[in-house]
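Trainee: Below is the structure I would like to discuss, written out as structure tokens.
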Amino acid sequence: MERLGQPAFICLWLALVTLLVYVPVFHAQFVGFDDPDYVTGNPHVLSGITLANLHWAFITNHAAYWHPVTWISLMLNSQYFGSGAGAFHAVNLLLHVANTLLLFLWLLRATGAKWRSALVAALFALHPLHVESVAWISERKDVLSTLFWMLALMAYTHYAKTGRISRYLIALLLFGIGLMAKPMLVSLPFVLLLLDYWPLRRFAGHKTFRLLIEKLPFLAFSIASASITLLAARERAMTPLDTLPIFVRVENAALACTAYIGKMFSPTGLAVIYPYNLHPSPIFALLSLAALVIVSVAVIPIRRHKPYLFTGWLWFLVTLAPVNGIAQAGTQSMADRFTYIPLIGLFVIVAWGGWEALDALRIPLVAQAIGASVALALCAGLTRAQLQYWHDSVALFQHAANVTVDNGIAEANLGFALAGQGHHDEAIVHYKSALQNQPRAIIWNNLGQSLVATGKLDEAMNAFQNALNLNPSFGSAHHNLALALARSGRQQESLGHFGDAARLEPENASVHNNYAIMLGRAGRTTEAIQQFQMALRLAPDMATTHFNLANLLAQQHAQDEAMA
């Protein structure tokens, strides 16, 4: 029986249980939220590792962030395991398992508390709040960056215990790589200071100034990463202050922080997107902020007797700070994926505090083990249930719409998913529901496409026009309106919108092809040939364009002969 308590057997148990609980991800599909940007619609990722793609990975801010290591990881995934969803899910899961094992081994090395370290790792592996980070292919950046975070902690802990400078440099290198996978890791320098206090207890034998100086290279990396991230996200992802005032952001940050704690203990109503409440209750926000401040102040005087409370609580707050919404990126009020690293701090409090309390109450070890097993079994069951919603886009967004209120983004994505399956009548209902809360150009455009598919051309043209009223530079809406106008016999009007679409989407071969067809029908043969040639330069293998161009040239030749 003693062998079952060896770290190797604990690692084996953690890995096997995690894999068994997450088996459904192997059958999950890509989802329509970010996955097209990261994989399914990204030719750089799908074509694997090439010099051109590596160059792109390091210079692009595609998807509004600079994370070249994540792009390279996805390229490798595609090159060696194919472009199927199952392969990407499998790698995400294996990274999650690796993070779980590294968390256990690091805590064991840092604290020497085997079973408490195992409990923290098991909670990390099985908690439902972490499903999003594992089951969402686009969150490769989450599980990948955490791998480097954990490896950096391992190297730093080895340095702290042995003083070997090589381990310090390795920790710094791993941190830099991790930042290039996801910039959320910028809080690591501050976390290292917390770890110096507990469990490494370095403040007792070192001068505080030296420990601070030691973190400066890490801090420099964080500042550089944060600067690059802000520059990359400013154009596409950052929400301006006039749209979301600072006091609303502070209110939401306090409410979200307490909501994460609540969902840790009662992980129900989890959704891929939580809508932003622009008018939160000031009373609830103030109470949440007061609770956070009170706990933060309370852990300071008791830190000497219960240092795990001090480190665990501040770990949670500090690692959550980059995504607390003060510098808002995206439209979410909170996100399950943001808890992937921060919850470790709370899990430490639960494991160490629970053990201390139960020991003081003289609860037998067998009873403690049974209690922990029941809690983990509940987590595993809830995680398995949550995984079913990540099977496909319809299940994912239908669930999000069901468990949240006025969730226009979920409704819009559900409509898009249903339209992709050919259920346009159902999609129209959800698009119209989304527009009540999110009157966005892209939703009007998608609604128009479903209206076209159901033969409602007049309504469709109104929808496309509404999209253009909101965003006159929306190339896809110009193209769709042009197609609808052409089907309605309004050729001259369609040509104007085709021209705008070709100008706004110069890399879209289909736009040039369709524009050329209409130019040919209008007798503008020379311009039509030019558009066909542009389409073929972009898509040399597009058979329909070759056929259309050949027909046009044949007609022109016949006309020339007739005139001769």
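For the structure tokens, the naming scheme is as follows: chains receive sequential letters (A, B, ...) according to their order of presentation, residues are indexed from 1 within each chain, and ligands are indexed from 1 in presentation order.
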Applying 12 Å and only C-alpha atoms, which residues near Ser296 (chain A) remain after dropping the ones on its own chain fewer than 6 positions away? List them as number ranges by chain.
Mentor: A: 289-290, 302-303, 309-318
Trainee: From the list A:Trp71, A:Ala543, A:Gly32, A:Glu527, which residue is nearest Ala419 (chain A) when using only C-alpha atoms?
Mentor: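 Of all the options, A:Gly32 lies closest to Ala419 (chain A).
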Trainee: Can you pull out every residue within 8 Å of region 502-506 of chain A, counting only C-alpha atoms, but drop anything in the same chain fewer than 5 positions away, and send it as a PDB file with C-alpha atoms, in the first residue's frame?
Mentor:
ATOM      1  CA  SER A 473     -16.642  49.658 -44.986  1.00  0.00           C
ATOM      2  CA  PHE A 474     -18.054  46.165 -44.445  1.00  0.00           C
ATOM      3  CA  GLY A 475     -16.944  44.393 -47.621  1.00  0.00           C
ATOM      4  CA  SER A 476     -18.961  41.219 -47.042  1.00  0.00           C
ATOM      5  CA  VAL A 511     -15.728  38.737 -54.895  1.00  0.00           C
ATOM      6  CA  HIS A 512     -13.604  39.428 -57.982  1.00  0.00           C
ATOM      7  CA  TYR A 515     -17.915  41.205 -59.941  1.00  0.00           C
TER       8      TYR A 515
END
Trainee: Compile the contact shell of Gly178 (chain A) as number ranges by chain: residues with an atom at most 8 Å away, counting only C-alpha atoms, same-chain residues fewer than 3 positions apart removed.
Mentor: A: 69, 144-149, 174-175, 181-183, 185
Trainee: Grab the residues selected above and save them as a tab-separated table (two decimals), in the first residue's frame with C-alpha atoms.
Mentor:
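Produced file part-v5.tsv, reproduced below:
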chain	number	residue	atom	x	y	z
A	69	VAL	CA	4.52	30.30	-29.67
A	144	LEU	CA	0.36	26.01	-23.42
A	145	SER	CA	1.33	29.16	-21.54
A	146	THR	CA	0.54	27.44	-18.23
A	147	LEU	CA	2.96	24.66	-19.16
A	148	PHE	CA	5.77	27.22	-19.34
A	149	TRP	CA	4.48	28.93	-16.18
A	174	LEU	CA	10.77	29.66	-19.78
A	175	PHE	CA	8.88	32.73	-18.61
A	181	ALA	CA	2.16	31.81	-25.76
A	182	LYS	CA	-0.18	34.07	-23.76
A	183	PRO	CA	0.62	37.45	-22.21
A	185	LEU	CA	1.56	35.42	-17.50
Trainee: Which residues come within 12 Å of Val23 (chain A), counting only C-alpha atoms, excluding same-chain residues fewer than 5 positions away, as a list in words?
Mentor: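 Near neighbours after the sequence-gap exclusion: Leu16, Val17, Thr18, Ala28, Gly86, His89, Ala90, Leu93, Leu94, Val134, Ala135, Ala380, Thr383, Arg384, Ala385, Leu387, Gln388 and His391 of chain A.
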Trainee: Convert the current residue selection to file output with N, CA and C atoms, as an mmCIF file, in the first residue's frame.
Mentor:
data_model
loop_
_atom_site.group_PDB
_atom_site.id
_atom_site.type_symbol
_atom_site.label_atom_id
_atom_site.label_comp_id
_atom_site.auth_asym_id
_atom_site.auth_seq_id
_atom_site.Cartn_x
_atom_site.Cartn_y
_atom_site.Cartn_z
ATOM 1 N N LEU A 16 -4.447 9.400 -15.309
ATOM 2 C CA LEU A 16 -5.495 8.491 -15.772
ATOM 3 C C LEU A 16 -6.889 9.047 -15.504
ATOM 4 N N VAL A 17 -7.108 9.578 -14.315
ATOM 5 C CA VAL A 17 -8.429 10.118 -13.979
ATOM 6 C C VAL A 17 -8.763 11.306 -14.869
ATOM 7 N N THR A 18 -7.797 12.186 -15.084
ATOM 8 C CA THR A 18 -8.031 13.355 -15.928
ATOM 9 C C THR A 18 -8.377 12.941 -17.353
ATOM 10 N N ALA A 28 -15.353 15.898 -29.836
ATOM 11 C CA ALA A 28 -15.883 17.254 -30.002
ATOM 12 C C ALA A 28 -15.435 17.852 -31.330
ATOM 13 N N GLY A 86 -10.245 16.427 -33.588
ATOM 14 C CA GLY A 86 -9.824 15.478 -32.557
ATOM 15 C C GLY A 86 -8.364 15.608 -32.182
ATOM 16 N N HIS A 89 -7.866 18.751 -30.063
ATOM 17 C CA HIS A 89 -8.397 18.510 -28.723
ATOM 18 C C HIS A 89 -7.460 17.615 -27.914
ATOM 19 N N ALA A 90 -6.901 16.600 -28.571
ATOM 20 C CA ALA A 90 -6.020 15.663 -27.872
ATOM 21 C C ALA A 90 -4.788 16.375 -27.317
ATOM 22 N N LEU A 93 -5.688 18.488 -24.314
ATOM 23 C CA LEU A 93 -5.888 17.650 -23.133
ATOM 24 C C LEU A 93 -4.552 17.171 -22.571
ATOM 25 N N LEU A 94 -3.645 16.764 -23.432
ATOM 26 C CA LEU A 94 -2.339 16.302 -22.951
ATOM 27 C C LEU A 94 -1.579 17.428 -22.257
ATOM 28 N N VAL A 134 -9.592 23.783 -21.659
ATOM 29 C CA VAL A 134 -9.153 22.507 -22.227
ATOM 30 C C VAL A 134 -9.935 22.152 -23.489
ATOM 31 N N ALA A 135 -11.255 22.324 -23.445
ATOM 32 C CA ALA A 135 -12.123 21.857 -24.529
ATOM 33 C C ALA A 135 -12.227 22.834 -25.692
ATOM 34 N N ALA A 380 -15.581 15.922 -10.923
ATOM 35 C CA ALA A 380 -15.453 15.122 -12.142
ATOM 36 C C ALA A 380 -16.797 14.981 -12.847
ATOM 37 N N THR A 383 -17.732 18.303 -14.433
ATOM 38 C CA THR A 383 -16.878 18.532 -15.591
ATOM 39 C C THR A 383 -17.339 17.705 -16.781
ATOM 40 N N ARG A 384 -17.671 16.449 -16.516
ATOM 41 C CA ARG A 384 -18.161 15.574 -17.599
ATOM 42 C C ARG A 384 -19.458 16.131 -18.193
ATOM 43 N N ALA A 385 -20.331 16.655 -17.314
ATOM 44 C CA ALA A 385 -21.581 17.240 -17.796
ATOM 45 C C ALA A 385 -21.308 18.496 -18.629
ATOM 46 N N LEU A 387 -18.702 19.164 -20.372
ATOM 47 C CA LEU A 387 -18.050 18.816 -21.632
ATOM 48 C C LEU A 387 -19.048 18.556 -22.751
ATOM 49 N N GLN A 388 -20.256 18.084 -22.402
ATOM 50 C CA GLN A 388 -21.233 17.792 -23.454
ATOM 51 C C GLN A 388 -21.628 19.053 -24.219
ATOM 52 N N HIS A 391 -19.440 19.947 -27.354
ATOM 53 C CA HIS A 391 -19.383 19.017 -28.485
ATOM 54 C C HIS A 391 -19.442 19.746 -29.821
#
Trainee: Write out as a ChimeraX atom specification each polymer residue whose atoms come within 7 Å of region 188-198 of chain A, counting only C-alpha atoms; drop sequence neighbours fewer than 3 positions from it.
Mentor: /A:185,201-203,215,218-219,307-308,311,315
Trainee: Could those residues be written to a file, using N, CA and C atoms, as a PDB file, in the first residue's frame?
Mentor:
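Dumped everything to again06.pdb:
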ATOM      1  N   LEU A 185       0.546  35.827 -18.475  1.00  0.00           N
ATOM      2  CA  LEU A 185       1.558  35.420 -17.500  1.00  0.00           C
ATOM      3  C   LEU A 185       2.352  36.590 -16.914  1.00  0.00           C
ATOM      4  N   ARG A 201       9.945  30.614   1.883  1.00  0.00           N
ATOM      5  CA  ARG A 201      10.423  31.269   3.111  1.00  0.00           C
ATOM      6  C   ARG A 201      11.801  31.898   2.918  1.00  0.00           C
ATOM      7  N   ARG A 202      11.971  32.608   1.841  1.00  0.00           N
ATOM      8  CA  ARG A 202      13.261  33.217   1.546  1.00  0.00           C
ATOM      9  C   ARG A 202      13.435  34.569   2.231  1.00  0.00           C
ATOM     10  N   PHE A 203      12.346  35.191   2.649  1.00  0.00           N
ATOM     11  CA  PHE A 203      12.468  36.489   3.313  1.00  0.00           C
ATOM     12  C   PHE A 203      13.208  36.374   4.644  1.00  0.00           C
ATOM     13  N   LYS A 215      13.968  40.065  -9.135  1.00  0.00           N
ATOM     14  CA  LYS A 215      12.770  39.945  -9.987  1.00  0.00           C
ATOM     15  C   LYS A 215      12.785  40.936 -11.145  1.00  0.00           C
ATOM     16  N   PHE A 218      12.584  39.564 -14.721  1.00  0.00           N
ATOM     17  CA  PHE A 218      11.232  39.046 -14.973  1.00  0.00           C
ATOM     18  C   PHE A 218      10.269  40.204 -15.223  1.00  0.00           C
ATOM     19  N   LEU A 219      10.416  41.259 -14.422  1.00  0.00           N
ATOM     20  CA  LEU A 219       9.545  42.420 -14.576  1.00  0.00           C
ATOM     21  C   LEU A 219       9.765  43.092 -15.935  1.00  0.00           C
ATOM     22  N   PRO A 307       0.559  31.311   6.573  1.00  0.00           N
ATOM     23  CA  PRO A 307       1.147  31.947   5.384  1.00  0.00           C
ATOM     24  C   PRO A 307       0.504  31.501   4.076  1.00  0.00           C
ATOM     25  N   TYR A 308      -0.075  30.289   4.078  1.00  0.00           N
ATOM     26  CA  TYR A 308      -0.725  29.806   2.861  1.00  0.00           C
ATOM     27  C   TYR A 308      -1.932  30.671   2.499  1.00  0.00           C
ATOM     28  N   THR A 311      -0.361  33.877   0.735  1.00  0.00           N
ATOM     29  CA  THR A 311       0.122  33.594  -0.618  1.00  0.00           C
ATOM     30  C   THR A 311      -1.016  33.146  -1.527  1.00  0.00           C
ATOM     31  N   TRP A 315      -2.133  35.277  -4.637  1.00  0.00           N
ATOM     32  CA  TRP A 315      -1.933  34.587  -5.919  1.00  0.00           C
ATOM     33  C   TRP A 315      -3.185  34.762  -6.767  1.00  0.00           C
TER      34      TRP A 315
END
Trainee: When distances are computed from only C-alpha atoms, which of A:Asn548, A:Gln449, A:Asn469, A:Gln6 shows the smallest separation from Leu108 (chain A)?
Mentor: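 Closest to Leu108 (chain A), using only C-alpha atoms: A:Gln6.
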Trainee: From region 328-497 of chain A, collect each residue whose DSSP state is helix (DSSP H, G or I) and return the set as a PyMOL selection string.
Mentor: chain A and resi 336-339+343-360+365-390+393-403+408-420+424-437+441-453+457-470+475-487+491-497
Trainee: Just the number, please: distance in Å from CA of Arg116 (chain A) to CA of Leu358 (chain A), one decimal.
Mentor: 12.7 Å
Trainee: Going by DSSP on the backbone, which residues of region 205-367 of chain A come out as strand (DSSP E or B)? List them as a list of chain:residue names.
Mentor: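 Selecting the strand (DSSP E or B) positions of region 205-367 of chain A gives A:Met238, A:Pro275, A:Ala329, A:Gln332.
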Trainee: Include C-alpha atoms and write out the residues we just selected as an mmCIF file, in the first residue's frame.
Mentor:
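The resulting out_1.cif:
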data_model
loop_
_atom_site.group_PDB
_atom_site.id
_atom_site.type_symbol
_atom_site.label_atom_id
_atom_site.label_comp_id
_atom_site.auth_asym_id
_atom_site.auth_seq_id
_atom_site.Cartn_x
_atom_site.Cartn_y
_atom_site.Cartn_z
ATOM 1 C CA MET A 238 -9.441 47.039 -26.667
ATOM 2 C CA PRO A 275 -22.770 39.303 -21.349
ATOM 3 C CA ALA A 329 -10.395 43.437 -24.234
ATOM 4 C CA GLN A 332 -17.213 39.471 -21.969
#
